[in-house]
Each structure stands twice: as C-alpha cells, then as structure tokens.
Amino acid sequence: MSLPLFQSPKPIDDHFKSDSDIVLFNGDVKNLLAEIPDNSIQLIITSPPYNLGKDYESRVEIEHYLEQQADIIADLYRVLKDEGSLCWQVGNFVENGEVYPLDILYYGIFKKLGLRLRNRIIWRFGHGLHASKRFSGRYETILWFTKSDKYIFNLDSVRIPSKYPGKRHFKGEKKGQLSGNPLGKNPSDVWEVVLQDWEQEIWDIPNVKANHPEKTEHPCQYPIELVERCVLALTNEGDWVLDPFAGVGSALIAAIKNNRRAVGSDKEKEYVDLARQRILSYFNGTLGYRQLGTPVYQPTGKDKVSKIPDEWKEVYEQRNLLESKGEYSK
Ligand SMILES: C[S@@+](CC[C@H](N)C(=O)[O-])C[C@H]1O[C@@H](n2cnc3c(N)ncnc32)[C@H](O)[C@@H]1O
C-alpha cells in the first residue's frame with residue numbers, strides 16, 4: 001500500500017495577513033473580520049452556532065440570535081470577493097418541541113444583501129437521535145449563495161461515478177452516442193456524504209467510537225469531506241477559504257489539503273488548540289479522515305447490530321403476520 005503524500009508544513013498565523021497561508025484566530029469573529037480587507041475571500045463556508053444552548057453558546061430569543069448573525073453576515077459580505085461564494089450549513093432550532101428551520105430564517109438576511117442562491121443542498125444522513133413526537137430529523141441543509149452572476153463552479157473536480165456509464169441517447173441527432181460524461185455525473189443537490197457511517201459508529205457500535213478517524217470533543221463538528229466538495233467546486237488553488245465559526249478546524253483542513261489558503265476564528269481557546277493540533281497532524285501525516293468519495297457504509301446484514309434481536313422476534317413475527325393479512329395499516 002502506498003502512503004499518501006503530505007504537504008510540507010506551512011506556518012499557522014494567529015492574525016490575518018494577506019501573505020499568510022493559514023490563519024487561526026482565537027476570539028470573536030467580528031475582531032477577525034476587522035483585520036480582513038474588502039473583497040478578498042473566495043469562499044466563506046461555515047456551520048454557525050444554532051442557538052441550541054450547546055457548550056459554546058448561551059441560548060437567546062430567536063429574533064435576537066438572527067439580529068446578531070445578520071450583523072456578522074454584513075461583515076462577511078464585505079470581505080467576500082465579487083465572484084465569491086458563501087455556503088451556510090444549518091439544521092433546525094427547536095423550542096418547546098416546535099421546529100424552526102434555520103435556513104428559511106436565514107434566507108432573507110442573505111437575500112437582502114443581494115446574494116444569489118445557487119443551491120439549497122440537502123445533506124442527508126441515516127442515523128441520529130430518534131424523535132418520539134415528530135419524525136426523526138435526518139437531514140440538514142447548505143445554502144450556497146454567490147455574490148454575483150460571475151462565479152467559479154468547477155463541476156469536473158467534484159463529479160461522482162455514474163450509475164449507468166454505458167447509457168446512450170436513444171433518439172435524435174445523438175442517437176447511439178454515449179449520453180454521460182467519462183469523468184462521472186453531477187453529484188446533485190442531495191449529498192449523503194459521511195454522517196451515515198459516522199453515526200453508525202457513534203450510535204450503533206459504541207465500542208468502535210474511539211476509533212472514528214475524525215471525531216474530536218467538539219459537539220457539532222462537520223466532516224472534512226463535506227467541505228472539500230465545496231472547496232473544490234467553488235475555489236481555485238491559492239484562493240482564500242474562510243470559516244468564521246471554525247470549531248476544530250474541519251473547513252481549514254479541507255482547504256489546506258487542496259492547496260487553498262485557510263482562515264478561521266473560534267471564540268473558544270480549547271477548539272482553536274484542537275484545530276491547531278489537527279492541522280499539524282495533517283502535515284505530519286497522522287490526521288485520520290475519510291477520503292472524499294469513500295463509499296457510504298452499508299450494513300452487510302451479517303453484523304450483529306443489523307439482525308433482529310431475540311427479544312424483538314415475537315413482535316416482528318406478529319407484525320409480519322398482520323401485514324400479510326393486510327391488517328397492519330388499518
Ligand atoms: C457549529 S460549531 C462549528 C463547528 C465546526 N464546523 C467544526 O467542524 O469544528 C460553531 C462554533 O462557533 C463558535 N462561535 C460561536 N460564536 C462565535 C463568535 N461570536 N465568534 C467566534 N466563534 C464563535 C463556537 O465556539 C463553535 O465552535
């Protein structure tokens with residue numbers, strides 16, 4: 001097996017300089033943004049705090065939360081290049097059992113600034129907490145906006161294998177010619193990146209939890225692979241990628257790994273320290289992560305956890321009996 005090639009380490013600066021390669025800022029995002037010149041960042045990609053009362057946030061009224069975010073977003077707009085993109089990854093804010101879809105609440109803030117929505121990407125995952133009073137949530141979204149109509153979209157860098165590469169046009173001028181692309185197909189706006197097998201390990205097979213390649217102590221980390229697709233499609237080598245709420249640095253690693261310049265801030269020193277360690281581990285070849293495009297884990301049916309446990313067999317058999325008599329749906 002050949003070992004992957006790692007880049008030679010680059011210095012990590014703690015304040016923004018135009019000639020830096022990597023900037024990790026510990027402090028409020030507004031203070032980092034004050035250091036960044038107008039019209040300089042090609043891609044802003046982040047998962048902001050959801051106002052859920054996680055370790056790193058105090059929960060406030062939803063209106064107040066959105067006002068605070070709108071203030072930060074106005075600064076993000078200023079630093080974004082005219083041909084730049086902004087990707088905002090969010091789920092739901094939940095209060096007293098009522099669900100507030102954050103992307104819908106955020107949309108107006110971006111639209112008011114003149115940003116143009118290109119995709120509302122569904123990031124679908126197969127596992128998670130089981131709800132008892134509503135359907136269990138199994139997706140979050142990424143709003144991809146551009147600042148203008150002139151923007152980078154490197155589709156060929158993110159094509160995925162086609163299911164039917166041998167498909168041909170069956171009528172018209174191109175009849176008989178191959179209809180696909182030898183580089184693969186457009187990955188579409190529904191992404192089933194990694195969380196499925198990530199959570200499989202966390203929730204279903206706790207004894208391998210500690211072995212997961214990416215997970216750190218951060219409660220809401222997103223996978224490097226998810227960001228990589230955006231980095232490859234929406235930027236070119238040498239461009240700046242900014243994550244204003246960088247957590248443990250997943251977006252920065254996705255950028256560095258693909259020869260982009262990376263800048264991020266987090267107000268928690270603990271996360272910034274972890275981000276620094278992860279970047280250094282990337283450079284010395286010890287960082288565990290899933291390679292872009294790794295197939296999603298599918299249970300084989302032979303694993304113990306994918307079999308019906310003895311204690312539930314009776315209930316399953318009764319249900320199957322009712323289904324076969326057509327009584328189950330009454
Ligand atoms: C949802 S997490 C992002 C996690 C990140 N995507 C990762 O993979 O590690 C949001 C992060 O924003 C940080 N944060 C919240 N408010 C902030 C602020 N005003 N300035 C800087 N960081 C902030 C939190 O400490 C938290 O780590």
# chains A, B, ... in the order shown; residues from 1 in each chain; ligands from 1

$ residues_around --residues "segment 237-239 of chain A" --least-positions-apart "6" --cutoff "8 Å" --atoms "only C-alpha atoms" --output "list in words"
Ile41, Gln42, Asn258, Asn259, Arg260 and Arg261 of chain A

$ write_last_selection --atoms "C-alpha atoms" --output "tab-separated table (two decimals), in the first residue's frame"
chain	number	residue	atom	x	y	z
A	41	ILE	CA	-12.19	35.86	0.25
A	42	GLN	CA	-13.23	33.43	-2.47
A	258	ASN	CA	-6.43	21.14	-1.52
A	259	ASN	CA	-3.77	23.89	-1.70
A	260	ARG	CA	-6.08	26.73	-0.78
A	261	ARG	CA	-5.31	29.36	1.88

$ residues_around --residues "Ile45 of chain A" --least-positions-apart "2" --cutoff "12 Å" --atoms "only C-alpha atoms" --output "PyMOL selection string"
chain A and resi 41-43+47-48+73+76+80+84-90+142-146+222+224+226-231+234-235+240-246+249-252+254-255+262-264

$ write_last_selection --atoms "N, CA and C atoms" --output "compact mmCIF listing (two decimals), in the first residue's frame"
# COMPACT_ATOMS: atom_id res chain seq x y z
N ILE A 41 -11.99 37.29 -0.04
CA ILE A 41 -12.19 35.86 0.25
C ILE A 41 -13.00 35.21 -0.87
N GLN A 42 -12.52 34.10 -1.38
CA GLN A 42 -13.23 33.43 -2.47
C GLN A 42 -14.40 32.59 -1.96
N LEU A 43 -14.18 31.91 -0.82
CA LEU A 43 -15.26 31.06 -0.29
C LEU A 43 -15.38 31.24 1.22
N SER A 47 -20.59 26.40 9.56
CA SER A 47 -21.77 25.92 10.25
C SER A 47 -21.85 26.80 11.50
N PRO A 48 -22.76 27.77 11.51
CA PRO A 48 -22.78 28.72 12.64
C PRO A 48 -23.38 28.06 13.89
N ILE A 73 -22.99 38.67 9.31
CA ILE A 73 -23.11 38.37 7.87
C ILE A 73 -22.83 39.62 7.02
N LEU A 76 -19.26 39.67 6.65
CA LEU A 76 -18.81 38.59 5.76
C LEU A 76 -19.01 39.01 4.31
N LEU A 80 -16.16 39.17 1.22
CA LEU A 80 -16.33 38.19 0.13
C LEU A 80 -16.01 38.84 -1.22
N GLY A 84 -17.15 35.59 -5.48
CA GLY A 84 -17.04 34.58 -4.42
C GLY A 84 -18.36 33.88 -4.09
N SER A 85 -18.24 32.85 -3.26
CA SER A 85 -19.39 32.05 -2.83
C SER A 85 -19.46 31.99 -1.31
N LEU A 86 -20.67 31.79 -0.82
CA LEU A 86 -20.88 31.64 0.63
C LEU A 86 -21.74 30.40 0.86
N CYS A 87 -21.28 29.48 1.69
CA CYS A 87 -22.04 28.26 1.99
C CYS A 87 -22.38 28.24 3.48
N TRP A 88 -23.65 28.18 3.77
CA TRP A 88 -24.14 28.29 5.16
C TRP A 88 -24.81 26.98 5.54
N GLN A 89 -24.17 26.19 6.41
CA GLN A 89 -24.69 24.86 6.72
C GLN A 89 -25.45 24.91 8.05
N VAL A 90 -26.74 24.64 7.99
CA VAL A 90 -27.56 24.71 9.21
C VAL A 90 -28.60 23.58 9.29
N ILE A 142 -27.37 23.04 3.23
CA ILE A 142 -26.30 24.01 2.97
C ILE A 142 -26.87 24.98 1.95
N LEU A 143 -26.96 26.26 2.32
CA LEU A 143 -27.38 27.27 1.35
C LEU A 143 -26.11 27.76 0.65
N TRP A 144 -26.06 27.59 -0.66
CA TRP A 144 -24.91 28.09 -1.43
C TRP A 144 -25.34 29.34 -2.20
N PHE A 145 -24.75 30.46 -1.81
CA PHE A 145 -25.03 31.74 -2.47
C PHE A 145 -23.78 32.22 -3.21
N THR A 146 -23.98 33.02 -4.26
CA THR A 146 -22.86 33.73 -4.87
C THR A 146 -23.12 35.22 -4.75
N TYR A 222 -18.40 19.28 11.62
CA TYR A 222 -18.85 18.71 10.34
C TYR A 222 -17.68 17.99 9.66
N ILE A 224 -14.81 16.78 7.15
CA ILE A 224 -13.88 17.44 6.22
C ILE A 224 -14.36 17.21 4.78
N LEU A 226 -17.28 16.89 3.55
CA LEU A 226 -18.42 17.72 3.14
C LEU A 226 -17.92 19.07 2.62
N VAL A 227 -16.93 19.63 3.35
CA VAL A 227 -16.40 20.94 2.97
C VAL A 227 -15.55 20.81 1.69
N GLU A 228 -14.86 19.71 1.57
CA GLU A 228 -13.97 19.54 0.41
C GLU A 228 -14.71 19.67 -0.90
N ARG A 229 -15.92 19.13 -0.95
CA ARG A 229 -16.67 19.22 -2.20
C ARG A 229 -16.90 20.69 -2.57
N CYS A 230 -17.21 21.52 -1.57
CA CYS A 230 -17.45 22.95 -1.83
C CYS A 230 -16.14 23.64 -2.21
N VAL A 231 -15.06 23.30 -1.50
CA VAL A 231 -13.76 23.92 -1.78
C VAL A 231 -13.34 23.62 -3.22
N LEU A 234 -15.86 25.41 -5.76
CA LEU A 234 -16.13 26.86 -5.73
C LEU A 234 -14.88 27.73 -5.60
N THR A 235 -13.70 27.10 -5.57
CA THR A 235 -12.46 27.90 -5.47
C THR A 235 -11.39 27.30 -6.37
N TRP A 240 -8.45 32.12 -0.97
CA TRP A 240 -8.75 32.12 0.47
C TRP A 240 -10.09 31.45 0.75
N VAL A 241 -10.10 30.56 1.76
CA VAL A 241 -11.34 29.95 2.27
C VAL A 241 -11.48 30.39 3.72
N LEU A 242 -12.62 30.93 4.08
CA LEU A 242 -12.83 31.43 5.45
C LEU A 242 -13.95 30.67 6.15
N ASP A 243 -13.67 30.17 7.36
CA ASP A 243 -14.74 29.64 8.22
C ASP A 243 -14.81 30.53 9.45
N PRO A 244 -15.84 31.39 9.53
CA PRO A 244 -15.91 32.33 10.67
C PRO A 244 -16.18 31.64 12.01
N PHE A 245 -16.82 30.46 11.98
CA PHE A 245 -17.09 29.71 13.22
C PHE A 245 -16.38 28.37 13.09
N ALA A 246 -15.05 28.41 13.20
CA ALA A 246 -14.22 27.31 12.70
C ALA A 246 -14.20 26.07 13.58
N GLY A 249 -11.61 23.23 13.22
CA GLY A 249 -10.83 23.49 12.01
C GLY A 249 -11.11 22.58 10.82
N SER A 250 -12.27 21.93 10.77
CA SER A 250 -12.54 20.99 9.66
C SER A 250 -12.47 21.70 8.30
N ALA A 251 -13.04 22.91 8.21
CA ALA A 251 -13.03 23.61 6.91
C ALA A 251 -11.61 24.03 6.54
N LEU A 252 -10.85 24.40 7.56
CA LEU A 252 -9.47 24.84 7.28
C LEU A 252 -8.66 23.67 6.72
N ALA A 254 -9.86 21.08 5.12
CA ALA A 254 -10.33 20.80 3.75
C ALA A 254 -9.65 21.76 2.76
N ALA A 255 -9.47 23.00 3.17
CA ALA A 255 -8.84 24.00 2.29
C ALA A 255 -7.34 23.69 2.12
N ALA A 262 -6.23 29.20 4.13
CA ALA A 262 -7.33 28.96 5.07
C ALA A 262 -7.30 29.95 6.21
N VAL A 263 -8.47 30.50 6.54
CA VAL A 263 -8.57 31.40 7.69
C VAL A 263 -9.84 31.06 8.47
N GLY A 264 -9.69 31.02 9.80
CA GLY A 264 -10.85 30.71 10.62
C GLY A 264 -10.72 31.32 11.99

$ residues_around --residues "Tyr65 of chain A" --least-positions-apart "6" --cutoff "10 Å" --atoms "only C-alpha atoms" --output "ChimeraX atom specification"
/A:49-51,59

$ select_by_dssp --residues "segment 114-201 of chain A" --states "strand (DSSP E or B)" --output "list in words"
Arg116, Leu117, Arg118, Asn119, Arg120, Ile121, Ile122, Trp123, Arg124, Tyr139, Glu140, Thr141, Ile142, Leu143, Trp144, Phe145, Thr146, Ile160, Arg168, Leu178, Lys185, Val190 and Trp191 of chain A

$ select_by_dssp --residues "segment 38-115 of chain A" --states "helix (DSSP H, G or I)" --output "ChimeraX atom specification"
/A:62-79,102-113

$ write_last_selection --atoms "N, CA and C atoms" --output "short mmCIF file (atom, residue, chain, number, x, y, z; two decimals), in the first residue's frame"
data_model
loop_
_atom_site.label_atom_id
_atom_site.label_comp_id
_atom_site.auth_asym_id
_atom_site.auth_seq_id
_atom_site.Cartn_x
_atom_site.Cartn_y
_atom_site.Cartn_z
N ILE A 62 -34.94 33.82 19.50
CA ILE A 62 -34.56 33.55 18.12
C ILE A 62 -34.35 34.86 17.32
N GLU A 63 -35.20 35.85 17.60
CA GLU A 63 -35.08 37.13 16.86
C GLU A 63 -33.73 37.79 17.18
N HIS A 64 -33.34 37.71 18.44
CA HIS A 64 -32.10 38.32 18.87
C HIS A 64 -30.91 37.59 18.23
N TYR A 65 -31.01 36.27 18.23
CA TYR A 65 -29.97 35.44 17.60
C TYR A 65 -29.79 35.85 16.13
N LEU A 66 -30.91 35.98 15.41
CA LEU A 66 -30.82 36.31 13.98
C LEU A 66 -30.25 37.72 13.76
N GLU A 67 -30.59 38.64 14.67
CA GLU A 67 -30.02 40.00 14.55
C GLU A 67 -28.51 39.97 14.72
N GLN A 68 -28.04 39.19 15.71
CA GLN A 68 -26.59 39.08 15.94
C GLN A 68 -25.91 38.49 14.70
N GLN A 69 -26.54 37.46 14.13
CA GLN A 69 -25.95 36.80 12.96
C GLN A 69 -25.98 37.75 11.75
N ALA A 70 -27.05 38.52 11.61
CA ALA A 70 -27.15 39.45 10.47
C ALA A 70 -26.02 40.47 10.52
N ASP A 71 -25.65 40.88 11.72
CA ASP A 71 -24.57 41.84 11.89
C ASP A 71 -23.24 41.24 11.41
N ILE A 72 -23.02 39.97 11.76
CA ILE A 72 -21.78 39.28 11.32
C ILE A 72 -21.82 39.06 9.81
N ILE A 73 -22.99 38.67 9.31
CA ILE A 73 -23.11 38.37 7.87
C ILE A 73 -22.83 39.62 7.02
N ALA A 74 -23.22 40.78 7.52
CA ALA A 74 -22.94 42.03 6.77
C ALA A 74 -21.43 42.20 6.60
N ASP A 75 -20.66 41.85 7.63
CA ASP A 75 -19.19 41.93 7.53
C ASP A 75 -18.64 40.86 6.61
N LEU A 76 -19.26 39.67 6.65
CA LEU A 76 -18.81 38.59 5.76
C LEU A 76 -19.01 39.01 4.31
N TYR A 77 -20.12 39.67 4.06
CA TYR A 77 -20.42 40.14 2.69
C TYR A 77 -19.32 41.10 2.23
N ARG A 78 -18.87 41.94 3.12
CA ARG A 78 -17.83 42.92 2.77
C ARG A 78 -16.53 42.24 2.36
N VAL A 79 -16.14 41.16 3.07
CA VAL A 79 -14.85 40.53 2.76
C VAL A 79 -14.93 39.54 1.60
N LEU A 102 -33.68 26.72 10.27
CA LEU A 102 -32.81 27.90 10.26
C LEU A 102 -32.52 28.42 8.85
N ASP A 103 -32.44 27.53 7.86
CA ASP A 103 -32.12 28.05 6.52
C ASP A 103 -33.21 28.99 6.02
N ILE A 104 -34.46 28.69 6.36
CA ILE A 104 -35.56 29.56 5.93
C ILE A 104 -35.44 30.92 6.63
N LEU A 105 -35.09 30.87 7.92
CA LEU A 105 -34.96 32.13 8.67
C LEU A 105 -33.77 32.95 8.18
N TYR A 106 -32.70 32.27 7.76
CA TYR A 106 -31.51 32.98 7.29
C TYR A 106 -31.68 33.53 5.87
N TYR A 107 -32.51 32.88 5.07
CA TYR A 107 -32.56 33.21 3.64
C TYR A 107 -32.74 34.72 3.40
N GLY A 108 -33.68 35.32 4.13
CA GLY A 108 -33.98 36.74 3.94
C GLY A 108 -32.78 37.64 4.24
N ILE A 109 -31.96 37.22 5.21
CA ILE A 109 -30.79 38.03 5.58
C ILE A 109 -29.83 38.09 4.39
N PHE A 110 -29.59 36.95 3.76
CA PHE A 110 -28.67 36.91 2.62
C PHE A 110 -29.27 37.63 1.41
N LYS A 111 -30.53 37.40 1.19
CA LYS A 111 -31.21 37.96 0.00
C LYS A 111 -31.21 39.50 0.08
N LYS A 112 -31.40 40.02 1.28
CA LYS A 112 -31.43 41.46 1.48
C LYS A 112 -30.09 42.09 1.08
N LEU A 113 -29.01 41.33 1.28
CA LEU A 113 -27.68 41.85 0.92
C LEU A 113 -27.42 41.75 -0.58
#

$ atom_distance --atom1 "atom CA of Pro219 of chain A" --atom2 "atom CA of Glu57 of chain A"
11.6 Å

$ closest_residue --among "A:Asp13, A:Glu98, A:Glu61, A:Glu317" --to "Asn26 of chain A" --atoms "only C-alpha atoms"
A:Asp13

$ atom_distance --atom1 "atom CA of Leu155 of chain A" --atom2 "atom CA of Asn119 of chain A"
13.6 Å

$ atom_distance --atom1 "atom CA of Pro182 of chain A" --atom2 "atom CA of His169 of chain A"
14.8 Å

$ closest_residue --among "A:Ser188, A:Ser324, A:Thr46, A:Ser136" --to "ligand 1" --atoms "only C-alpha atoms and all ligand atoms"
A:Thr46

$ residues_around --residues "Trp191 of chain A" --least-positions-apart "2" --cutoff "9 Å" --atoms "only C-alpha atoms" --output "ChimeraX atom specification"
/A:121-125,187-189,193-194,226

$ residues_around --residues "Ile279 of chain A" --least-positions-apart "3" --cutoff "12 Å" --atoms "only C-alpha atoms" --output "ChimeraX atom specification"
/A:6-12,22-24,224,248-257,262,272-276,282-289

$ closest_residue --among "A:Gly184, A:Pro37, A:Gly53, A:Pro161" --to "ligand 1" --atoms "only C-alpha atoms and all ligand atoms"
A:Gly53
